[in-house]
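Have a look at coords_25.txt below; it lists compact mmCIF, N, CA and C atoms.
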# COMPACT_ATOMS: atom_id res chain seq x y z
N MET A 1 10.95 -30.32 25.05
CA MET A 1 11.26 -30.49 23.64
C MET A 1 10.03 -31.08 22.94
N ILE A 2 9.80 -30.61 21.70
CA ILE A 2 8.65 -31.06 20.91
C ILE A 2 9.18 -31.70 19.63
N SER A 3 8.59 -32.81 19.20
CA SER A 3 9.04 -33.48 17.98
C SER A 3 8.52 -32.75 16.75
N ASN A 4 8.94 -33.19 15.59
CA ASN A 4 8.52 -32.53 14.34
C ASN A 4 7.04 -32.78 14.02
N GLN A 5 6.41 -33.80 14.62
CA GLN A 5 4.98 -34.04 14.44
C GLN A 5 4.14 -33.27 15.44
N GLY A 6 4.78 -32.62 16.43
CA GLY A 6 4.06 -31.85 17.42
C GLY A 6 3.85 -32.58 18.72
N GLU A 7 4.44 -33.78 18.86
CA GLU A 7 4.32 -34.54 20.10
C GLU A 7 5.37 -34.08 21.10
N GLN A 8 5.00 -34.08 22.38
CA GLN A 8 5.93 -33.64 23.41
C GLN A 8 6.88 -34.78 23.76
N ILE A 9 8.18 -34.51 23.67
CA ILE A 9 9.19 -35.53 23.97
C ILE A 9 9.53 -35.51 25.45
N GLY A 10 9.65 -34.33 26.02
CA GLY A 10 9.96 -34.21 27.44
C GLY A 10 11.08 -33.20 27.66
N ILE A 11 11.51 -33.10 28.90
CA ILE A 11 12.58 -32.16 29.26
C ILE A 11 13.92 -32.87 29.11
N LEU A 12 14.79 -32.31 28.27
CA LEU A 12 16.12 -32.87 28.02
C LEU A 12 17.17 -31.79 28.25
N SER A 13 18.39 -32.21 28.50
CA SER A 13 19.48 -31.23 28.60
C SER A 13 19.82 -30.75 27.18
N ILE A 14 20.57 -29.69 27.10
CA ILE A 14 20.90 -29.12 25.79
C ILE A 14 21.68 -30.12 24.94
N LYS A 15 22.66 -30.78 25.54
CA LYS A 15 23.48 -31.74 24.79
C LYS A 15 22.62 -32.91 24.29
N GLU A 16 21.75 -33.42 25.16
CA GLU A 16 20.88 -34.54 24.76
C GLU A 16 19.93 -34.11 23.64
N ALA A 17 19.40 -32.89 23.73
CA ALA A 17 18.46 -32.40 22.71
C ALA A 17 19.16 -32.24 21.36
N ILE A 18 20.38 -31.71 21.38
CA ILE A 18 21.13 -31.53 20.12
C ILE A 18 21.47 -32.90 19.52
N ALA A 19 21.88 -33.84 20.36
CA ALA A 19 22.21 -35.19 19.88
C ALA A 19 20.97 -35.86 19.29
N TYR A 20 19.83 -35.72 19.98
CA TYR A 20 18.58 -36.31 19.50
C TYR A 20 18.17 -35.71 18.15
N ALA A 21 18.32 -34.40 18.02
CA ALA A 21 17.96 -33.72 16.77
C ALA A 21 18.84 -34.17 15.62
N SER A 22 20.15 -34.28 15.86
CA SER A 22 21.05 -34.72 14.79
C SER A 22 20.79 -36.18 14.43
N GLN A 23 20.42 -37.01 15.42
CA GLN A 23 20.11 -38.41 15.18
C GLN A 23 18.87 -38.53 14.29
N GLU A 24 17.86 -37.67 14.53
CA GLU A 24 16.64 -37.69 13.74
C GLU A 24 16.79 -37.00 12.39
N GLY A 25 17.84 -36.19 12.24
CA GLY A 25 18.09 -35.49 10.98
C GLY A 25 17.34 -34.18 10.85
N PHE A 26 17.05 -33.54 11.98
CA PHE A 26 16.36 -32.26 11.99
C PHE A 26 17.20 -31.22 12.71
N ASP A 27 16.74 -29.96 12.63
CA ASP A 27 17.38 -28.87 13.36
C ASP A 27 16.63 -28.65 14.67
N LEU A 28 17.36 -28.21 15.70
CA LEU A 28 16.76 -27.91 16.99
C LEU A 28 16.53 -26.40 17.03
N VAL A 29 15.25 -25.99 17.07
CA VAL A 29 14.90 -24.57 17.02
C VAL A 29 14.21 -24.19 18.32
N GLU A 30 14.70 -23.10 18.94
CA GLU A 30 14.10 -22.62 20.18
C GLU A 30 12.85 -21.83 19.85
N VAL A 31 11.69 -22.31 20.32
CA VAL A 31 10.41 -21.71 19.99
C VAL A 31 10.00 -20.67 21.04
N ALA A 32 10.12 -21.02 22.31
CA ALA A 32 9.73 -20.11 23.40
C ALA A 32 10.90 -19.96 24.37
N PRO A 33 11.79 -19.00 24.14
CA PRO A 33 12.97 -18.87 24.99
C PRO A 33 12.66 -18.32 26.39
N ASN A 34 11.54 -17.61 26.56
CA ASN A 34 11.24 -16.98 27.84
C ASN A 34 10.53 -17.90 28.83
N SER A 35 10.03 -19.04 28.37
CA SER A 35 9.33 -19.94 29.28
C SER A 35 10.34 -20.69 30.16
N ASN A 36 9.84 -21.30 31.22
CA ASN A 36 10.74 -22.01 32.11
C ASN A 36 10.30 -23.47 32.17
N PRO A 37 10.99 -24.46 31.66
CA PRO A 37 12.22 -24.38 30.87
C PRO A 37 11.93 -23.94 29.43
N PRO A 38 12.93 -23.43 28.70
CA PRO A 38 12.71 -23.00 27.31
C PRO A 38 12.23 -24.16 26.43
N VAL A 39 11.35 -23.84 25.47
CA VAL A 39 10.77 -24.87 24.62
C VAL A 39 11.50 -24.88 23.27
N CYS A 40 11.92 -26.08 22.86
CA CYS A 40 12.59 -26.26 21.56
C CYS A 40 11.79 -27.25 20.73
N LYS A 41 11.93 -27.10 19.41
CA LYS A 41 11.17 -27.96 18.51
C LYS A 41 12.10 -28.52 17.44
N LEU A 42 11.86 -29.75 17.04
CA LEU A 42 12.60 -30.36 15.93
C LEU A 42 11.92 -29.98 14.63
N MET A 43 12.68 -29.40 13.71
CA MET A 43 12.12 -29.06 12.40
C MET A 43 13.24 -28.87 11.39
N ASP A 44 12.88 -28.91 10.14
CA ASP A 44 13.81 -28.58 9.06
C ASP A 44 13.76 -27.08 8.90
N TYR A 45 14.74 -26.38 9.44
CA TYR A 45 14.70 -24.92 9.52
C TYR A 45 14.74 -24.27 8.13
N GLY A 46 15.49 -24.83 7.22
CA GLY A 46 15.56 -24.29 5.86
C GLY A 46 14.21 -24.34 5.17
N LYS A 47 13.52 -25.46 5.32
CA LYS A 47 12.18 -25.62 4.75
C LYS A 47 11.19 -24.65 5.40
N PHE A 48 11.33 -24.48 6.72
CA PHE A 48 10.47 -23.55 7.47
C PHE A 48 10.63 -22.12 6.96
N LYS A 49 11.89 -21.67 6.77
CA LYS A 49 12.16 -20.32 6.27
C LYS A 49 11.62 -20.16 4.84
N TYR A 50 11.78 -21.19 4.02
CA TYR A 50 11.30 -21.15 2.64
C TYR A 50 9.78 -20.99 2.60
N GLU A 51 9.07 -21.74 3.43
CA GLU A 51 7.60 -21.65 3.46
C GLU A 51 7.15 -20.28 3.96
N LEU A 52 7.87 -19.72 4.94
CA LEU A 52 7.54 -18.37 5.41
C LEU A 52 7.70 -17.34 4.29
N SER A 53 8.79 -17.45 3.54
CA SER A 53 9.01 -16.49 2.46
C SER A 53 7.95 -16.64 1.37
N LYS A 54 7.51 -17.87 1.09
CA LYS A 54 6.45 -18.08 0.10
C LYS A 54 5.14 -17.44 0.56
N LYS A 55 4.81 -17.57 1.87
CA LYS A 55 3.59 -16.96 2.39
C LYS A 55 3.66 -15.45 2.27
N GLU A 56 4.81 -14.85 2.60
CA GLU A 56 4.96 -13.40 2.52
C GLU A 56 4.81 -12.91 1.08
N LYS A 57 5.37 -13.65 0.13
CA LYS A 57 5.26 -13.27 -1.27
C LYS A 57 3.81 -13.33 -1.75
N SER A 58 3.08 -14.37 -1.33
CA SER A 58 1.68 -14.49 -1.76
C SER A 58 0.83 -13.38 -1.15
N ILE A 59 1.14 -12.97 0.08
CA ILE A 59 0.41 -11.87 0.71
C ILE A 59 0.69 -10.56 -0.02
N LYS A 60 1.95 -10.33 -0.40
CA LYS A 60 2.30 -9.11 -1.13
C LYS A 60 1.65 -9.08 -2.50
N LYS A 61 1.50 -10.25 -3.11
CA LYS A 61 0.91 -10.33 -4.44
C LYS A 61 -0.56 -9.90 -4.42
N LYS A 62 -1.25 -10.21 -3.32
CA LYS A 62 -2.67 -9.90 -3.22
C LYS A 62 -2.93 -8.44 -2.85
N GLN A 63 -1.90 -7.73 -2.37
CA GLN A 63 -2.10 -6.34 -1.98
C GLN A 63 -2.21 -5.46 -3.22
N HIS A 64 -3.01 -4.41 -3.10
CA HIS A 64 -3.15 -3.43 -4.17
C HIS A 64 -2.63 -2.10 -3.66
N THR A 65 -1.61 -1.59 -4.31
CA THR A 65 -1.06 -0.31 -3.87
C THR A 65 -1.81 0.82 -4.55
N ILE A 66 -2.03 1.88 -3.81
CA ILE A 66 -2.73 3.04 -4.34
C ILE A 66 -1.70 4.05 -4.80
N HIS A 67 -1.80 4.42 -6.05
CA HIS A 67 -0.90 5.42 -6.62
C HIS A 67 -1.63 6.75 -6.72
N VAL A 68 -0.86 7.83 -6.70
CA VAL A 68 -1.44 9.16 -6.90
C VAL A 68 -1.13 9.56 -8.33
N LYS A 69 -2.18 9.71 -9.13
CA LYS A 69 -2.04 10.15 -10.52
C LYS A 69 -2.33 11.64 -10.56
N GLU A 70 -1.64 12.36 -11.44
CA GLU A 70 -1.80 13.81 -11.49
C GLU A 70 -2.42 14.25 -12.81
N ILE A 71 -3.36 15.17 -12.71
CA ILE A 71 -3.98 15.80 -13.87
C ILE A 71 -3.61 17.28 -13.79
N ARG A 72 -3.01 17.81 -14.85
CA ARG A 72 -2.61 19.21 -14.86
C ARG A 72 -3.53 19.99 -15.78
N LEU A 73 -4.05 21.10 -15.26
CA LEU A 73 -4.97 21.95 -16.01
C LEU A 73 -4.43 23.38 -16.03
N ARG A 74 -4.98 24.18 -16.92
CA ARG A 74 -4.68 25.60 -17.00
C ARG A 74 -5.98 26.37 -16.82
N PRO A 75 -5.93 27.62 -16.37
CA PRO A 75 -7.17 28.39 -16.18
C PRO A 75 -7.95 28.63 -17.47
N LYS A 76 -7.27 28.71 -18.61
CA LYS A 76 -7.94 28.98 -19.89
C LYS A 76 -8.00 27.72 -20.74
N ILE A 77 -8.41 26.61 -20.15
CA ILE A 77 -8.45 25.34 -20.87
C ILE A 77 -9.70 25.28 -21.75
N GLU A 78 -9.56 24.70 -22.92
CA GLU A 78 -10.68 24.55 -23.85
C GLU A 78 -11.57 23.39 -23.41
N ASP A 79 -12.81 23.37 -23.91
CA ASP A 79 -13.79 22.36 -23.51
C ASP A 79 -13.34 20.94 -23.84
N HIS A 80 -12.84 20.74 -25.07
CA HIS A 80 -12.43 19.40 -25.48
C HIS A 80 -11.27 18.91 -24.61
N ASP A 81 -10.31 19.78 -24.34
CA ASP A 81 -9.17 19.41 -23.50
C ASP A 81 -9.63 19.07 -22.09
N PHE A 82 -10.58 19.85 -21.58
CA PHE A 82 -11.12 19.59 -20.25
C PHE A 82 -11.81 18.23 -20.19
N GLU A 83 -12.61 17.92 -21.23
CA GLU A 83 -13.31 16.64 -21.27
C GLU A 83 -12.31 15.47 -21.32
N PHE A 84 -11.26 15.65 -22.10
CA PHE A 84 -10.22 14.63 -22.21
C PHE A 84 -9.56 14.38 -20.84
N LYS A 85 -9.23 15.45 -20.15
CA LYS A 85 -8.60 15.34 -18.83
C LYS A 85 -9.56 14.72 -17.81
N SER A 86 -10.84 15.08 -17.88
CA SER A 86 -11.80 14.52 -16.93
C SER A 86 -12.02 13.02 -17.19
N ARG A 87 -11.98 12.61 -18.47
CA ARG A 87 -12.09 11.18 -18.78
C ARG A 87 -10.90 10.42 -18.20
N ASN A 88 -9.70 11.00 -18.33
CA ASN A 88 -8.52 10.35 -17.75
C ASN A 88 -8.63 10.27 -16.24
N ALA A 89 -9.11 11.32 -15.60
CA ALA A 89 -9.28 11.31 -14.14
C ALA A 89 -10.27 10.22 -13.75
N ARG A 90 -11.35 10.06 -14.52
CA ARG A 90 -12.34 9.02 -14.25
C ARG A 90 -11.70 7.64 -14.35
N LYS A 91 -10.87 7.42 -15.39
CA LYS A 91 -10.18 6.14 -15.55
C LYS A 91 -9.28 5.84 -14.36
N PHE A 92 -8.54 6.87 -13.92
CA PHE A 92 -7.64 6.69 -12.78
C PHE A 92 -8.42 6.33 -11.52
N LEU A 93 -9.53 7.01 -11.29
CA LEU A 93 -10.34 6.75 -10.10
C LEU A 93 -10.96 5.35 -10.15
N LEU A 94 -11.43 4.94 -11.31
CA LEU A 94 -12.02 3.61 -11.44
C LEU A 94 -10.98 2.50 -11.26
N ALA A 95 -9.72 2.82 -11.55
CA ALA A 95 -8.63 1.86 -11.35
C ALA A 95 -8.22 1.77 -9.89
N GLY A 96 -8.79 2.65 -9.03
CA GLY A 96 -8.50 2.59 -7.61
C GLY A 96 -7.40 3.53 -7.15
N ASN A 97 -7.02 4.48 -7.99
CA ASN A 97 -5.96 5.42 -7.64
C ASN A 97 -6.54 6.74 -7.14
N LYS A 98 -5.71 7.51 -6.45
CA LYS A 98 -6.08 8.87 -6.08
C LYS A 98 -5.68 9.78 -7.22
N VAL A 99 -6.36 10.91 -7.32
CA VAL A 99 -6.05 11.86 -8.39
C VAL A 99 -5.71 13.21 -7.77
N LYS A 100 -4.55 13.72 -8.16
CA LYS A 100 -4.12 15.05 -7.74
C LYS A 100 -4.38 15.98 -8.92
N VAL A 101 -5.28 16.94 -8.73
CA VAL A 101 -5.63 17.86 -9.80
C VAL A 101 -4.88 19.17 -9.54
N THR A 102 -4.09 19.59 -10.51
CA THR A 102 -3.28 20.80 -10.37
C THR A 102 -3.67 21.79 -11.44
N VAL A 103 -3.99 23.02 -11.03
CA VAL A 103 -4.22 24.11 -11.99
C VAL A 103 -2.99 24.99 -11.91
N ILE A 104 -2.32 25.15 -13.05
CA ILE A 104 -1.06 25.89 -13.11
C ILE A 104 -1.34 27.30 -13.62
N PHE A 105 -0.92 28.28 -12.84
CA PHE A 105 -1.06 29.68 -13.22
C PHE A 105 0.28 30.20 -13.71
N LYS A 106 0.25 30.95 -14.84
CA LYS A 106 1.47 31.55 -15.36
C LYS A 106 1.24 33.05 -15.54
N GLY A 107 2.25 33.80 -15.21
CA GLY A 107 2.21 35.25 -15.45
C GLY A 107 1.07 35.95 -14.75
N ARG A 108 0.29 36.72 -15.54
CA ARG A 108 -0.79 37.53 -14.98
C ARG A 108 -2.03 36.72 -14.60
N GLU A 109 -2.03 35.42 -14.91
CA GLU A 109 -3.17 34.58 -14.55
C GLU A 109 -3.35 34.49 -13.03
N MET A 110 -2.30 34.80 -12.28
CA MET A 110 -2.36 34.74 -10.81
C MET A 110 -3.38 35.74 -10.26
N THR A 111 -3.65 36.81 -10.99
CA THR A 111 -4.59 37.82 -10.49
C THR A 111 -6.03 37.32 -10.55
N HIS A 112 -6.30 36.30 -11.37
CA HIS A 112 -7.67 35.76 -11.50
C HIS A 112 -7.70 34.29 -11.07
N ARG A 113 -7.51 34.05 -9.80
CA ARG A 113 -7.52 32.69 -9.27
C ARG A 113 -8.90 32.08 -9.32
N GLU A 114 -9.92 32.90 -9.42
CA GLU A 114 -11.29 32.37 -9.45
C GLU A 114 -11.52 31.49 -10.68
N PHE A 115 -10.76 31.72 -11.78
CA PHE A 115 -10.90 30.85 -12.96
C PHE A 115 -10.43 29.43 -12.63
N GLY A 116 -9.36 29.33 -11.88
CA GLY A 116 -8.87 28.01 -11.45
C GLY A 116 -9.86 27.33 -10.53
N THR A 117 -10.45 28.09 -9.63
CA THR A 117 -11.45 27.54 -8.72
C THR A 117 -12.66 27.03 -9.49
N GLN A 118 -13.09 27.79 -10.52
CA GLN A 118 -14.23 27.38 -11.33
C GLN A 118 -13.95 26.07 -12.06
N ILE A 119 -12.74 25.94 -12.57
CA ILE A 119 -12.38 24.71 -13.29
C ILE A 119 -12.39 23.51 -12.35
N LEU A 120 -11.86 23.68 -11.14
CA LEU A 120 -11.84 22.58 -10.18
C LEU A 120 -13.26 22.21 -9.73
N GLU A 121 -14.12 23.23 -9.57
CA GLU A 121 -15.52 22.96 -9.23
C GLU A 121 -16.23 22.20 -10.36
N ARG A 122 -15.94 22.61 -11.59
CA ARG A 122 -16.53 21.93 -12.76
C ARG A 122 -16.09 20.47 -12.82
N LEU A 123 -14.82 20.23 -12.51
CA LEU A 123 -14.30 18.85 -12.52
C LEU A 123 -14.95 18.02 -11.41
N THR A 124 -15.11 18.59 -10.22
CA THR A 124 -15.76 17.82 -9.13
C THR A 124 -17.21 17.53 -9.46
N GLU A 125 -17.90 18.45 -10.12
CA GLU A 125 -19.29 18.19 -10.53
C GLU A 125 -19.36 17.07 -11.56
N GLU A 126 -18.38 17.06 -12.47
CA GLU A 126 -18.38 16.04 -13.52
C GLU A 126 -18.07 14.65 -12.96
N LEU A 127 -17.27 14.60 -11.89
CA LEU A 127 -16.86 13.32 -11.32
C LEU A 127 -17.57 12.99 -10.00
N GLU A 128 -18.63 13.74 -9.65
CA GLU A 128 -19.26 13.55 -8.35
C GLU A 128 -19.92 12.18 -8.18
N ASP A 129 -20.24 11.49 -9.29
CA ASP A 129 -20.87 10.18 -9.18
C ASP A 129 -19.90 9.11 -8.67
N ILE A 130 -18.59 9.27 -8.92
CA ILE A 130 -17.63 8.25 -8.48
C ILE A 130 -16.56 8.81 -7.53
N ALA A 131 -16.44 10.13 -7.42
CA ALA A 131 -15.34 10.70 -6.65
C ALA A 131 -15.83 11.62 -5.55
N ARG A 132 -14.99 11.75 -4.54
CA ARG A 132 -15.23 12.74 -3.50
C ARG A 132 -13.94 13.52 -3.29
N VAL A 133 -14.06 14.73 -2.80
CA VAL A 133 -12.89 15.58 -2.59
C VAL A 133 -12.24 15.17 -1.27
N GLU A 134 -11.01 14.71 -1.36
CA GLU A 134 -10.28 14.32 -0.16
C GLU A 134 -9.64 15.54 0.49
N LYS A 135 -9.08 16.40 -0.34
CA LYS A 135 -8.44 17.63 0.15
C LYS A 135 -8.91 18.77 -0.75
N PRO A 136 -9.62 19.75 -0.22
CA PRO A 136 -10.16 20.81 -1.07
C PRO A 136 -9.05 21.66 -1.70
N ALA A 137 -9.45 22.46 -2.69
CA ALA A 137 -8.49 23.26 -3.45
C ALA A 137 -7.79 24.28 -2.55
N GLN A 138 -6.47 24.35 -2.71
CA GLN A 138 -5.70 25.36 -2.00
C GLN A 138 -4.47 25.72 -2.83
N MET A 139 -3.99 26.91 -2.63
CA MET A 139 -2.85 27.41 -3.39
C MET A 139 -1.55 26.92 -2.78
N GLU A 140 -0.64 26.50 -3.64
CA GLU A 140 0.73 26.18 -3.26
C GLU A 140 1.63 26.85 -4.28
N GLY A 141 2.10 28.03 -3.94
CA GLY A 141 2.91 28.80 -4.88
C GLY A 141 2.05 29.28 -6.03
N ARG A 142 2.40 28.93 -7.26
CA ARG A 142 1.64 29.32 -8.45
C ARG A 142 0.65 28.24 -8.88
N ASN A 143 0.49 27.21 -8.07
CA ASN A 143 -0.40 26.09 -8.40
C ASN A 143 -1.56 26.00 -7.42
N MET A 144 -2.72 25.64 -7.93
CA MET A 144 -3.87 25.35 -7.08
C MET A 144 -4.06 23.84 -7.12
N ILE A 145 -4.06 23.20 -5.95
CA ILE A 145 -4.05 21.75 -5.88
C ILE A 145 -5.26 21.23 -5.12
N MET A 146 -5.81 20.11 -5.63
CA MET A 146 -6.95 19.45 -5.00
C MET A 146 -6.76 17.93 -5.18
N PHE A 147 -7.16 17.14 -4.17
CA PHE A 147 -7.06 15.69 -4.25
C PHE A 147 -8.45 15.07 -4.30
N LEU A 148 -8.61 14.08 -5.19
CA LEU A 148 -9.87 13.34 -5.33
C LEU A 148 -9.62 11.86 -5.03
N THR A 149 -10.58 11.22 -4.38
CA THR A 149 -10.52 9.77 -4.17
C THR A 149 -11.86 9.16 -4.58
N ARG A 150 -11.87 7.86 -4.70
CA ARG A 150 -13.07 7.14 -5.10
C ARG A 150 -14.04 7.07 -3.92
N LYS A 151 -15.33 7.16 -4.21
CA LYS A 151 -16.35 7.04 -3.15
C LYS A 151 -16.38 5.63 -2.62
Starting from the file, lay out its structure as structure tokens.
Amino acid sequence: MISNQGEQIGILSIKEAIAYASQEGFDLVEVAPNSNPPVCKLMDYGKFKYELSKKEKSIKKKQHTIHVKEIRLRPKIEDHDFEFKSRNARKFLLAGNKVKVTVIFKGREMTHREFGTQILERLTEELEDIARVEKPAQMEGRNMIMFLTRK
């Protein structure tokens, strides 16, 4: 048995250990059940659980989750619209997020997939200073999809 200050008390029977813990006003917590004899410690278990939860919350607070932001383009996009979308993609990348770039084909646009490929290449050239292609362009149904991440 170990005291709440970390000093070794000695080997006690279960009844003696429980009586000693209640006399001191602490809880008897089994720390190492597999050792021979099992090791127990005197502590305020409620306070211990509270401190553990506080540590977990502070660790979660410091974590930064990565979100996937999506930019949707069309094969016949105008220059100003393209620049606007590329600026947004740059903002997303600088914020630490991944960017999913989708070129949506409608109707007869499917016959000219090279226009979608050209737009995606133009976007990668524009963002090459801060971004790299994580997953190259590929077709999924009527959409051409590419993923970008920060360098």
At a cut-off of 6 Å, using all atoms listed in the file, what residues contact stretch 42-59 of chain A? Leave out same-chain residues fewer than 3 positions from it and give the result as a PDB file with N, CA and C atoms, in the coordinates of the input.
ATOM      1  N   ILE A   2       9.800 -30.610  21.700  1.00  0.00           N
ATOM      2  CA  ILE A   2       8.650 -31.060  20.910  1.00  0.00           C
ATOM      3  C   ILE A   2       9.180 -31.700  19.630  1.00  0.00           C
ATOM      4  N   SER A   3       8.590 -32.810  19.200  1.00  0.00           N
ATOM      5  CA  SER A   3       9.040 -33.480  17.980  1.00  0.00           C
ATOM      6  C   SER A   3       8.520 -32.750  16.750  1.00  0.00           C
ATOM      7  N   ASN A   4       8.940 -33.190  15.590  1.00  0.00           N
ATOM      8  CA  ASN A   4       8.520 -32.530  14.340  1.00  0.00           C
ATOM      9  C   ASN A   4       7.040 -32.780  14.020  1.00  0.00           C
ATOM     10  N   PHE A  26      17.050 -33.540  11.980  1.00  0.00           N
ATOM     11  CA  PHE A  26      16.360 -32.260  11.990  1.00  0.00           C
ATOM     12  C   PHE A  26      17.200 -31.220  12.710  1.00  0.00           C
ATOM     13  N   ASP A  27      16.740 -29.960  12.630  1.00  0.00           N
ATOM     14  CA  ASP A  27      17.380 -28.870  13.360  1.00  0.00           C
ATOM     15  C   ASP A  27      16.630 -28.650  14.670  1.00  0.00           C
ATOM     16  N   LEU A  28      17.360 -28.210  15.700  1.00  0.00           N
ATOM     17  CA  LEU A  28      16.760 -27.910  16.990  1.00  0.00           C
ATOM     18  C   LEU A  28      16.530 -26.400  17.030  1.00  0.00           C
ATOM     19  N   VAL A  29      15.250 -25.990  17.070  1.00  0.00           N
ATOM     20  CA  VAL A  29      14.900 -24.570  17.020  1.00  0.00           C
ATOM     21  C   VAL A  29      14.210 -24.190  18.320  1.00  0.00           C
ATOM     22  N   LYS A  62      -1.250 -10.210  -3.320  1.00  0.00           N
ATOM     23  CA  LYS A  62      -2.670  -9.900  -3.220  1.00  0.00           C
ATOM     24  C   LYS A  62      -2.930  -8.440  -2.850  1.00  0.00           C
ATOM     25  N   GLN A  63      -1.900  -7.730  -2.370  1.00  0.00           N
ATOM     26  CA  GLN A  63      -2.100  -6.340  -1.980  1.00  0.00           C
ATOM     27  C   GLN A  63      -2.210  -5.460  -3.220  1.00  0.00           C
TER      28      GLN A  63
END
Quiz item: Could you tell me, as JSON, numbers by chain, which residues have any atom at most 7 Å from (-4.7, 20.5, -9.2), counting only N, CA and C atoms?
Solution: {"A": [71, 72, 73, 100, 101, 102, 103, 104, 143, 144, 145, 146, 147]}
Set out as CSV a contact list for stretch 35-95 of chain A and stretch 106-128 of chain A with a cut-off of 7 Å, giving each residue of stretch 35-95 of chain A that qualifies its closest atom pair and distance in Å to one decimal, counting all atoms listed in the file, ordered by chain and rising residue number.
residue,atom,partner,partner_atom,distance
A:Arg74,C,A:Gly116,CA,6.3
A:Pro75,CA,A:Gly116,N,4.9
A:Lys76,N,A:Phe115,C,6.8
A:Ser86,CA,A:Leu123,CA,6.7
A:Arg90,CA,A:Leu127,CA,6.9
Quiz prompt | Residue set, stretch 5-47 of chain A restricted to strand (DSSP E), as a ChimeraX atom specification | solution = /A:27-32,39-43
Any chance you could tabulate, as a Markdown table, the residues of stretch 23-94 of chain A at most 12 Å from stretch 8-16 of chain A with each one's nearest atom pair and distance in Å to one decimal, using only C-alpha atoms, in chain and rising number order?
| residue | atom | partner | partner_atom | distance |
| --- | --- | --- | --- | --- |
| A:Gln23 | CA | A:Glu16 | CA | 10.4 |
| A:Leu28 | CA | A:Ile14 | CA | 9.8 |
| A:Val29 | CA | A:Ile14 | CA | 11.6 |
| A:Glu30 | CA | A:Ile14 | CA | 11.0 |
| A:Asn36 | CA | A:Ile11 | CA | 10.7 |
| A:Pro37 | CA | A:Ile11 | CA | 8.0 |
| A:Pro38 | CA | A:Ile11 | CA | 9.4 |
| A:Val39 | CA | A:Ile11 | CA | 8.8 |
| A:Cys40 | CA | A:Ile11 | CA | 9.7 |
| A:Lys41 | CA | A:Gln8 | CA | 9.2 |
| A:Leu42 | CA | A:Ile9 | CA | 10.1 |
The selected residues should be written to file as an mmCIF file, keeping the file's coordinate frame (atoms: N, CA and C atoms).
data_model
loop_
_atom_site.group_PDB
_atom_site.id
_atom_site.type_symbol
_atom_site.label_atom_id
_atom_site.label_comp_id
_atom_site.auth_asym_id
_atom_site.auth_seq_id
_atom_site.Cartn_x
_atom_site.Cartn_y
_atom_site.Cartn_z
ATOM 1 N N GLN A 23 20.420 -37.010 15.420
ATOM 2 C CA GLN A 23 20.110 -38.410 15.180
ATOM 3 C C GLN A 23 18.870 -38.530 14.290
ATOM 4 N N LEU A 28 17.360 -28.210 15.700
ATOM 5 C CA LEU A 28 16.760 -27.910 16.990
ATOM 6 C C LEU A 28 16.530 -26.400 17.030
ATOM 7 N N VAL A 29 15.250 -25.990 17.070
ATOM 8 C CA VAL A 29 14.900 -24.570 17.020
ATOM 9 C C VAL A 29 14.210 -24.190 18.320
ATOM 10 N N GLU A 30 14.700 -23.100 18.940
ATOM 11 C CA GLU A 30 14.100 -22.620 20.180
ATOM 12 C C GLU A 30 12.850 -21.830 19.850
ATOM 13 N N ASN A 36 9.840 -21.300 31.220
ATOM 14 C CA ASN A 36 10.740 -22.010 32.110
ATOM 15 C C ASN A 36 10.300 -23.470 32.170
ATOM 16 N N PRO A 37 10.990 -24.460 31.660
ATOM 17 C CA PRO A 37 12.220 -24.380 30.870
ATOM 18 C C PRO A 37 11.930 -23.940 29.430
ATOM 19 N N PRO A 38 12.930 -23.430 28.700
ATOM 20 C CA PRO A 38 12.710 -23.000 27.310
ATOM 21 C C PRO A 38 12.230 -24.160 26.430
ATOM 22 N N VAL A 39 11.350 -23.840 25.470
ATOM 23 C CA VAL A 39 10.770 -24.870 24.620
ATOM 24 C C VAL A 39 11.500 -24.880 23.270
ATOM 25 N N CYS A 40 11.920 -26.080 22.860
ATOM 26 C CA CYS A 40 12.590 -26.260 21.560
ATOM 27 C C CYS A 40 11.790 -27.250 20.730
ATOM 28 N N LYS A 41 11.930 -27.100 19.410
ATOM 29 C CA LYS A 41 11.170 -27.960 18.510
ATOM 30 C C LYS A 41 12.100 -28.520 17.440
ATOM 31 N N LEU A 42 11.860 -29.750 17.040
ATOM 32 C CA LEU A 42 12.600 -30.360 15.930
ATOM 33 C C LEU A 42 11.920 -29.980 14.630
#
Self-check item: Atom pair atom C of A:Thr149 / atom CA of A:Lys98: separation (Å)
Solution: 6.0 Å
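The interatomic distance for the pair atom CA of A:Ile130 and atom CA of A:Ile77 works out to 23.0 Å.
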Axis-aligned box over every listed atom of stretch 130-148 of chain A, padded by 5 Å per side: centre and edges in Å to one decimal, as JSON?
{"center_x": -7.8, "center_y": 18.8, "center_z": -4.2, "size_x": 31.5, "size_y": 31.1, "size_z": 19.4}
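In this comparison, which uses all atoms listed in the file, the residue of A:Lys135, A:Phe82, A:Ile66, A:Met1 approaching A:Ala95 most closely is A:Ile66.
When atom CA of A:Arg150 is paired with atom CA of A:Val99, their separation reads 9.1 Å.
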Exercise. Taking the DSSP assignment computed from this structure's backbone, write out as a ChimeraX atom specification all residues of stretch 28-134 of chain A that belong to alpha helix (DSSP H).
Key: /A:45-62,79-94,113-126
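Between A:Phe92 and the candidates A:Gly141, A:Gln5, A:Lys69, A:Ser35, the tightest atom-to-atom separation, counting all atoms listed in the file, involves A:Lys69.
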